[in-house]
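Undergrad: Next up, entry-v9.txt (compact mmCIF, C-alpha atoms).
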```txt
# COMPACT_ATOMS: atom_id res chain seq x y z
CA MET A 1 -51.66 146.82 75.66
CA ALA A 2 -48.65 149.06 76.09
CA LEU A 3 -46.65 148.74 79.31
CA THR A 4 -44.15 151.18 80.59
CA ARG A 5 -40.97 149.94 82.11
CA ARG A 6 -42.23 150.83 85.59
CA GLU A 7 -45.54 148.89 85.08
CA PHE A 8 -43.63 145.88 83.74
CA ILE A 9 -41.44 145.79 86.87
CA LYS A 10 -44.57 146.09 89.10
CA PHE A 11 -46.30 143.14 87.37
CA THR A 12 -43.12 141.06 87.50
CA GLY A 13 -42.69 141.82 91.21
CA LEU A 14 -46.32 140.90 91.95
CA GLY A 15 -45.98 137.63 90.05
CA LEU A 16 -42.77 136.77 91.88
CA ALA A 17 -44.33 137.58 95.26
CA ALA A 18 -47.43 135.47 94.53
CA SER A 19 -45.43 132.47 93.39
CA SER A 20 -43.05 132.79 96.36
CA LEU A 21 -45.98 132.79 98.80
CA GLY A 22 -47.38 129.71 97.09
CA MET A 23 -44.06 127.88 97.32
CA LEU A 24 -43.72 128.78 101.02
CA GLY A 25 -46.95 126.95 101.72
CA PHE A 26 -49.46 129.83 101.58
CA GLY A 27 -51.94 128.36 99.14
CA ALA A 28 -52.33 125.02 97.38
CA ALA A 29 -49.23 125.23 95.17
CA GLY A 30 -47.05 123.21 97.58
CA GLU A 31 -49.67 120.48 97.95
CA ALA A 32 -50.17 120.28 94.20
CA GLN A 33 -46.45 120.00 93.61
CA ALA A 34 -46.06 117.30 96.29
CA ALA A 35 -48.95 115.33 94.78
CA ALA A 36 -47.36 115.50 91.35
CA VAL A 37 -44.09 113.89 92.50
CA ARG A 38 -44.03 110.14 91.79
CA PRO A 39 -42.38 107.84 94.32
CA PHE A 40 -39.05 106.42 93.13
CA LYS A 41 -39.84 102.99 91.69
CA LEU A 42 -36.56 101.37 92.77
CA THR A 43 -36.82 102.32 96.46
CA HIS A 44 -38.05 98.90 97.59
CA ALA A 45 -36.45 96.87 94.79
CA THR A 46 -33.65 94.35 95.28
CA GLU A 47 -30.47 95.20 93.37
CA THR A 48 -28.50 92.36 91.80
CA ARG A 49 -25.25 92.70 89.84
CA ASN A 50 -24.88 90.58 86.73
CA THR A 51 -23.17 90.39 83.35
CA CYS A 52 -24.83 91.11 80.01
CA THR A 53 -25.28 87.94 77.98
CA TYR A 54 -25.23 89.37 74.47
CA CYS A 55 -21.63 89.58 73.33
CA SER A 56 -18.07 89.06 74.47
CA VAL A 57 -17.65 92.53 75.99
CA ALA A 58 -19.18 91.34 79.30
CA CYS A 59 -20.72 94.65 80.41
CA GLY A 60 -21.90 94.96 83.99
CA LEU A 61 -25.62 95.21 84.74
CA LEU A 62 -27.72 96.23 87.70
CA ILE A 63 -30.94 94.21 87.79
CA TYR A 64 -33.75 95.44 90.04
CA SER A 65 -36.46 93.02 91.08
CA MET A 66 -39.54 93.12 93.29
CA GLY A 67 -40.35 90.27 95.62
CA ASP A 68 -39.62 89.21 99.16
CA ARG A 69 -36.77 86.85 98.10
CA ALA A 70 -38.36 84.02 100.07
CA LYS A 71 -37.50 80.45 99.17
CA ASN A 72 -39.46 79.23 96.12
CA ALA A 73 -40.87 82.73 95.55
CA HIS A 74 -40.59 84.22 92.07
CA SER A 75 -39.24 87.74 91.87
CA ASN A 76 -40.26 90.04 89.06
CA ILE A 77 -37.53 92.00 87.28
CA ILE A 78 -38.73 95.59 86.90
CA HIS A 79 -35.63 97.48 85.73
CA ILE A 80 -32.21 96.82 84.15
CA GLU A 81 -29.46 99.41 83.73
CA GLY A 82 -25.70 99.59 83.28
CA ASP A 83 -23.50 99.26 86.34
CA PRO A 84 -21.59 102.54 86.84
CA ASP A 85 -19.01 100.78 89.05
CA HIS A 86 -18.17 98.12 86.44
CA PRO A 87 -14.73 98.66 84.87
CA VAL A 88 -15.77 97.47 81.40
CA ASN A 89 -18.78 99.63 80.56
CA ARG A 90 -18.89 102.16 83.45
CA GLY A 91 -22.69 102.30 83.38
CA THR A 92 -23.23 102.44 79.63
CA LEU A 93 -25.05 99.81 77.59
CA CYS A 94 -25.41 99.22 73.87
CA PRO A 95 -28.96 99.15 72.40
CA LYS A 96 -29.19 95.36 72.85
CA GLY A 97 -28.10 95.56 76.47
CA ALA A 98 -30.46 98.46 77.14
CA ALA A 99 -33.36 96.34 75.81
CA LEU A 100 -32.66 93.35 78.08
CA LEU A 101 -35.82 93.95 80.09
CA ASP A 102 -37.86 93.26 76.96
CA VAL A 103 -35.93 90.03 76.40
CA VAL A 104 -36.58 88.91 79.98
CA HIS A 105 -40.33 89.48 79.69
CA ALA A 106 -40.72 88.32 76.06
CA PRO A 107 -43.53 85.79 75.65
CA THR A 108 -41.38 83.82 73.16
CA ARG A 109 -38.50 83.32 75.61
CA LEU A 110 -37.79 79.66 76.33
CA LYS A 111 -37.74 78.82 80.02
CA VAL A 112 -37.59 75.03 79.89
CA PRO A 113 -35.73 72.59 77.61
CA ARG A 114 -37.52 71.39 74.50
CA TYR A 115 -36.90 68.19 72.58
CA ARG A 116 -37.87 67.02 69.10
CA ALA A 117 -37.57 63.27 68.67
CA ALA A 118 -36.29 61.82 65.41
CA GLY A 119 -39.07 61.91 62.80
CA ALA A 120 -41.30 64.15 64.90
CA THR A 121 -42.55 67.49 63.59
CA GLU A 122 -43.11 69.26 66.91
CA PHE A 123 -40.95 70.12 69.89
CA LYS A 124 -42.18 69.05 73.31
CA GLU A 125 -41.22 70.39 76.71
CA VAL A 126 -39.04 68.06 78.76
CA SER A 127 -37.53 68.18 82.23
CA TRP A 128 -34.01 69.39 82.93
CA ASP A 129 -33.13 65.90 84.14
CA PHE A 130 -34.18 64.42 80.80
CA ALA A 131 -32.26 67.06 78.81
CA LEU A 132 -29.02 66.77 80.80
CA ASP A 133 -29.17 62.97 80.87
CA ARG A 134 -29.70 62.89 77.09
CA ILE A 135 -26.77 65.25 76.46
CA ALA A 136 -24.53 63.20 78.76
CA ARG A 137 -25.59 59.93 77.10
CA LEU A 138 -24.97 61.24 73.57
CA MET A 139 -21.57 62.65 74.58
CA LYS A 140 -20.56 59.38 76.24
CA ASP A 141 -21.63 57.29 73.23
CA ASP A 142 -19.79 59.56 70.80
CA ARG A 143 -16.64 59.64 72.94
CA ASP A 144 -16.60 55.87 73.26
CA GLU A 145 -16.95 55.53 69.48
CA ASN A 146 -14.51 58.24 68.35
CA PHE A 147 -11.89 58.58 71.10
CA VAL A 148 -8.31 58.25 69.83
CA GLU A 149 -5.96 56.98 72.52
CA LYS A 150 -2.79 56.57 70.41
CA ASN A 151 -1.78 57.96 67.03
CA ALA A 152 -0.29 55.95 64.15
CA ALA A 153 3.21 56.20 65.67
CA GLY A 154 2.00 54.71 68.97
CA THR A 155 2.25 57.95 70.92
CA THR A 156 -0.47 58.52 73.53
CA VAL A 157 -2.60 61.47 72.37
CA ASN A 158 -6.01 60.98 74.08
CA ARG A 159 -8.04 62.97 71.54
CA TRP A 160 -11.75 63.30 71.00
CA THR A 161 -12.01 65.11 67.67
CA SER A 162 -15.63 64.49 66.69
CA VAL A 163 -17.07 66.97 69.21
CA GLY A 164 -16.20 70.60 69.96
CA MET A 165 -17.04 73.03 72.72
CA LEU A 166 -18.09 76.65 72.33
CA ALA A 167 -17.77 78.42 75.69
CA ALA A 168 -19.63 81.51 76.83
CA SER A 169 -17.84 84.83 76.84
CA ALA A 170 -19.63 86.27 79.87
CA SER A 171 -18.11 83.78 82.31
CA SER A 172 -15.90 84.63 85.23
CA SER A 173 -12.23 83.64 85.22
CA GLU A 174 -12.96 80.79 87.62
CA THR A 175 -15.77 79.40 85.45
CA SER A 176 -13.58 79.68 82.36
CA TYR A 177 -10.77 77.80 84.10
CA LEU A 178 -13.10 74.98 85.17
CA THR A 179 -14.64 74.78 81.69
CA TRP A 180 -11.17 74.51 80.17
CA LYS A 181 -10.17 71.75 82.59
CA VAL A 182 -13.35 69.72 82.00
CA VAL A 183 -13.15 70.01 78.22
CA ARG A 184 -9.47 69.10 78.09
CA SER A 185 -9.91 66.22 80.55
CA LEU A 186 -12.53 64.74 78.21
CA GLY A 187 -9.98 64.91 75.38
CA MET A 188 -11.72 67.58 73.29
CA VAL A 189 -9.36 69.27 70.90
CA VAL A 190 -11.84 71.67 69.30
CA PHE A 191 -12.48 74.33 71.94
CA ASP A 192 -13.30 77.96 71.27
CA ASN A 193 -14.91 80.97 72.89
CA GLN A 194 -17.89 83.02 71.78
CA ALA A 195 -15.70 86.13 71.79
CA ARG A 196 -13.86 84.90 68.68
CA VAL A 197 -16.96 83.80 66.76
```
Before anything else, please render the file you have as C-alpha cells.
TA:
Amino acid sequence: MALTRREFIKFTGLGLAASSLGMLGFGAAGEAQAAAVRPFKLTHATETRNTCTYCSVACGLLIYSMGDRAKNAHSNIIHIEGDPDHPVNRGTLCPKGAALLDVVHAPTRLKVPRYRAAGATEFKEVSWDFALDRIARLMKDDRDENFVEKNAAGTTVNRWTSVGMLAASASSSETSYLTWKVVRSLGMVVFDNQARV
C-alpha cells in the first residue's frame, strides 16, 4: 500500500484525534487505564528505620511492615530498601543488603535459641531464660577460675584472659560505649569488633 505524504498526515491526524478523545474520557480508554494501575503497596505500611546487619559498613534501611502495631501482634515485613537520608549509603544497598527480605522470611532462619547438650546428637529449642542463664553461669565459672588479680610483680592487673568478646559493628555509639564498659569492667582483655574481622 503506497501512501502519499498528504494521506500519511491525514491518517496520523485521525489517530491522534481518536486517542486524544479516548484519553479525555470519551470511550473506555480512560477506564481501562485506571483499572490497569495497581495501588501502591507501601501506602498503608509502617516505615521503620534500621541498620543492615551484614557487615561493618552499617548502611541505613527502611523496613516496611503491615500490621496494626497492637501489643503482642506480629507485623509482617513486606519490603526493605535503602534509606536515602542515611549518610553512609544514601539509599543504596549491596546485593546482600538488597536481599534482606529473603533472609527475614527464610524458613531456615533461627528465631529461638537452640542447645545441644554434651554427648547429644541433636539440638533442641530452649527458652531465652535458659540460654541467657547458661551463658551467664558459664562466664561466671570461667571468670572465677581464670581471673588474674595481680601479676608476678604484685601489681594489680584484674585480667580475665581466657574469654574474649567480639562486638557487633552495626551498633550505635551509645551501645558500643556500654559494651566497652561492661567488657572492661569484667576484666576482659581480648575485645574486638566485627569490622576488623
Undergrad: Please determine, counting only C-alpha atoms, which residue among A:Asp102, A:Glu81, A:Glu125, A:Asp133 has the shortest atom-to-atom distance to Cys52 (chain A).
TA: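 Using only C-alpha atoms, the shortest distance to Cys52 (chain A) belongs to A:Glu81.
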Undergrad: If I take CA of Trp160 (chain A) and CA of Ala118 (chain A), how far is one from the other in Å, to one decimal?
TA: 25.2 Å
Undergrad: Quick one, how far is CA of Thr175 (chain A) from CA of Ala106 (chain A)?
TA: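 Answer for the CA of Thr175 (chain A) to CA of Ala106 (chain A) separation: 28.1 Å.
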Undergrad: So which residues touch Thr46 (chain A) within 12 Å, counting all atoms listed in the file, skipping near sequence neighbours fewer than 5 positions away, as a VMD selection string?
TA: chain A and resid 41 62 to 69 75 to 80
Undergrad: Report, in Å to a single decimal, how far apart CA of Ser127 (chain A) and CA of Asn146 (chain A) are.
TA: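 Going from CA of Asn146 (chain A) over to CA of Ser127 (chain A), I get 28.7 Å.
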Undergrad: Save region 59-87 of chain A to a file: C-alpha atoms, as an mmCIF file, in the first residue's frame.
TA:
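As a result, result-v5.cif now contains:
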```cif
data_model
loop_
_atom_site.group_PDB
_atom_site.id
_atom_site.type_symbol
_atom_site.label_atom_id
_atom_site.label_comp_id
_atom_site.auth_asym_id
_atom_site.auth_seq_id
_atom_site.Cartn_x
_atom_site.Cartn_y
_atom_site.Cartn_z
ATOM 1 C CA CYS A 59 24.053 1.011 55.876
ATOM 2 C CA GLY A 60 20.671 2.512 56.668
ATOM 3 C CA LEU A 61 17.497 0.580 55.839
ATOM 4 C CA LEU A 62 13.828 1.400 55.534
ATOM 5 C CA ILE A 63 11.726 -1.582 56.605
ATOM 6 C CA TYR A 64 8.041 -1.571 55.680
ATOM 7 C CA SER A 65 5.659 -3.811 57.589
ATOM 8 C CA MET A 66 1.935 -4.499 57.601
ATOM 9 C CA GLY A 67 0.038 -4.868 60.830
ATOM 10 C CA ASP A 68 -1.830 -2.709 63.294
ATOM 11 C CA ARG A 69 1.176 -2.456 65.685
ATOM 12 C CA ALA A 70 -1.020 -3.562 68.578
ATOM 13 C CA LYS A 71 0.606 -5.073 71.637
ATOM 14 C CA ASN A 72 1.510 -8.753 71.113
ATOM 15 C CA ALA A 73 0.534 -8.529 67.428
ATOM 16 C CA HIS A 74 3.017 -9.790 64.854
ATOM 17 C CA SER A 75 3.724 -7.481 61.948
ATOM 18 C CA ASN A 76 4.738 -8.867 58.581
ATOM 19 C CA ILE A 77 7.697 -7.258 56.814
ATOM 20 C CA ILE A 78 6.734 -6.740 53.173
ATOM 21 C CA HIS A 79 9.526 -4.546 51.779
ATOM 22 C CA ILE A 80 13.112 -3.495 52.598
ATOM 23 C CA GLU A 81 15.058 -0.784 50.775
ATOM 24 C CA GLY A 82 17.995 1.545 51.343
ATOM 25 C CA ASP A 83 17.427 4.723 53.327
ATOM 26 C CA PRO A 84 18.056 7.723 51.030
ATOM 27 C CA ASP A 85 18.511 10.020 54.059
ATOM 28 C CA HIS A 86 21.221 7.861 55.652
ATOM 29 C CA PRO A 87 24.693 9.448 55.405
#
```
